[in-house]
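One structure below.
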Amino acid sequence: MSDSENRPVSIGEWILTFILLAIPLVNLIMLIIWAVGGSTHPSKKTFAQAYFVMIGIVICLAVAAAFVLPALGFHPHPAPIVQ
């Protein structure tokens with residue numbers, strides 16, 4: 001393990017990380033680079049991998065909700081009330 005891997009990621013680096021993750025499309029590109037990059041700090045690499053896992057979980061829950069909620073009677077556009 002090199003000296004750069006032993007040092008903690010600074011607050012400034014984390015702030016820059018979160019700013020980059022707030023930019024659409026740039027966030028996905030940077031997450032891929034951090035998750036598979038060889039020169040990425042281990043903490044940031046693990047963070048990026050965990051972020052991808054969370055994205056996968058959220059997508060699965062959204063797809064499940066798209067099928068389950070209408071089956072339970074919850075529709076995105078309720079029928080208008082006719083008087």
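Starting from 1 in every chain, residues are counted up; chains themselves are A, B, ... following the order of the structure tokens, and ligands are numbered from 1 as listed.
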
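Non-sequential neighbours of region 13-22 of chain A (distance at most 8 Å, separation of 6 or more positions within a chain, only C-alpha atoms) are A:Leu28, A:Met30, A:Leu31.
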
Write to file, as an mmCIF file, in the first residue's frame, the residues of the selection just made, with N, CA, C and O atoms.
```
data_model
loop_
_atom_site.group_PDB
_atom_site.id
_atom_site.type_symbol
_atom_site.label_atom_id
_atom_site.label_comp_id
_atom_site.auth_asym_id
_atom_site.auth_seq_id
_atom_site.Cartn_x
_atom_site.Cartn_y
_atom_site.Cartn_z
ATOM 1 N N LEU A 28 -22.113 10.246 -13.785
ATOM 2 C CA LEU A 28 -21.979 8.843 -14.196
ATOM 3 C C LEU A 28 -20.580 8.541 -14.718
ATOM 4 O O LEU A 28 -20.004 7.489 -14.415
ATOM 5 N N MET A 30 -17.776 10.126 -13.944
ATOM 6 C CA MET A 30 -16.826 10.141 -12.830
ATOM 7 C C MET A 30 -17.002 8.923 -11.928
ATOM 8 O O MET A 30 -16.022 8.357 -11.441
ATOM 9 N N LEU A 31 -18.237 8.493 -11.712
ATOM 10 C CA LEU A 31 -18.460 7.297 -10.891
ATOM 11 C C LEU A 31 -17.821 6.068 -11.533
ATOM 12 O O LEU A 31 -17.232 5.233 -10.838
#
```

| query | Which residues in chain A does DSSP call alpha helix (DSSP H)? List them as a PyMOL selection string. | reply | chain A and resi 3-6+11-21+26-36+42-71

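In this structure, CA of Gln49 (chain A) sits 8.6 Å away from CA of Ile32 (chain A).
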
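The gap separating CA of Trp34 (chain A) from CA of Thr46 (chain A) is 8.5 Å, in Å to one decimal.
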
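Of the listed residues A:Ile11, A:Ala66, A:Ile81, A:Ala35, the one whose atoms come nearest to Phe52 (chain A) is A:Ala35, with distances taken using only C-alpha atoms.
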
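Pairwise distance (CA of Phe74 (chain A), CA of Ile57 (chain A)) equals 21.9 Å.
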
| said: So that I can see what lies close to His75 (chain A), please list as a ChimeraX atom specification the residues with an atom at most 12 Å from it, counting only C-alpha atoms and leaving out residues fewer than 5 positions away in the same chain. | reply: /A:65-70

Produce a file of the selected residues containing C-alpha atoms, as a PDB file, in the first residue's frame.
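Contents of the output file selection.pdb:
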```pdb
ATOM      1  CA  ALA A  65     -43.523   0.332  -7.755  1.00  0.00           C
ATOM      2  CA  ALA A  66     -44.480   1.059 -11.381  1.00  0.00           C
ATOM      3  CA  PHE A  67     -46.008  -2.416 -11.608  1.00  0.00           C
ATOM      4  CA  VAL A  68     -47.296  -2.962  -8.061  1.00  0.00           C
ATOM      5  CA  LEU A  69     -48.954   0.390  -7.328  1.00  0.00           C
ATOM      6  CA  PRO A  70     -51.289   0.362 -10.370  1.00  0.00           C
TER       7      PRO A  70
END
```
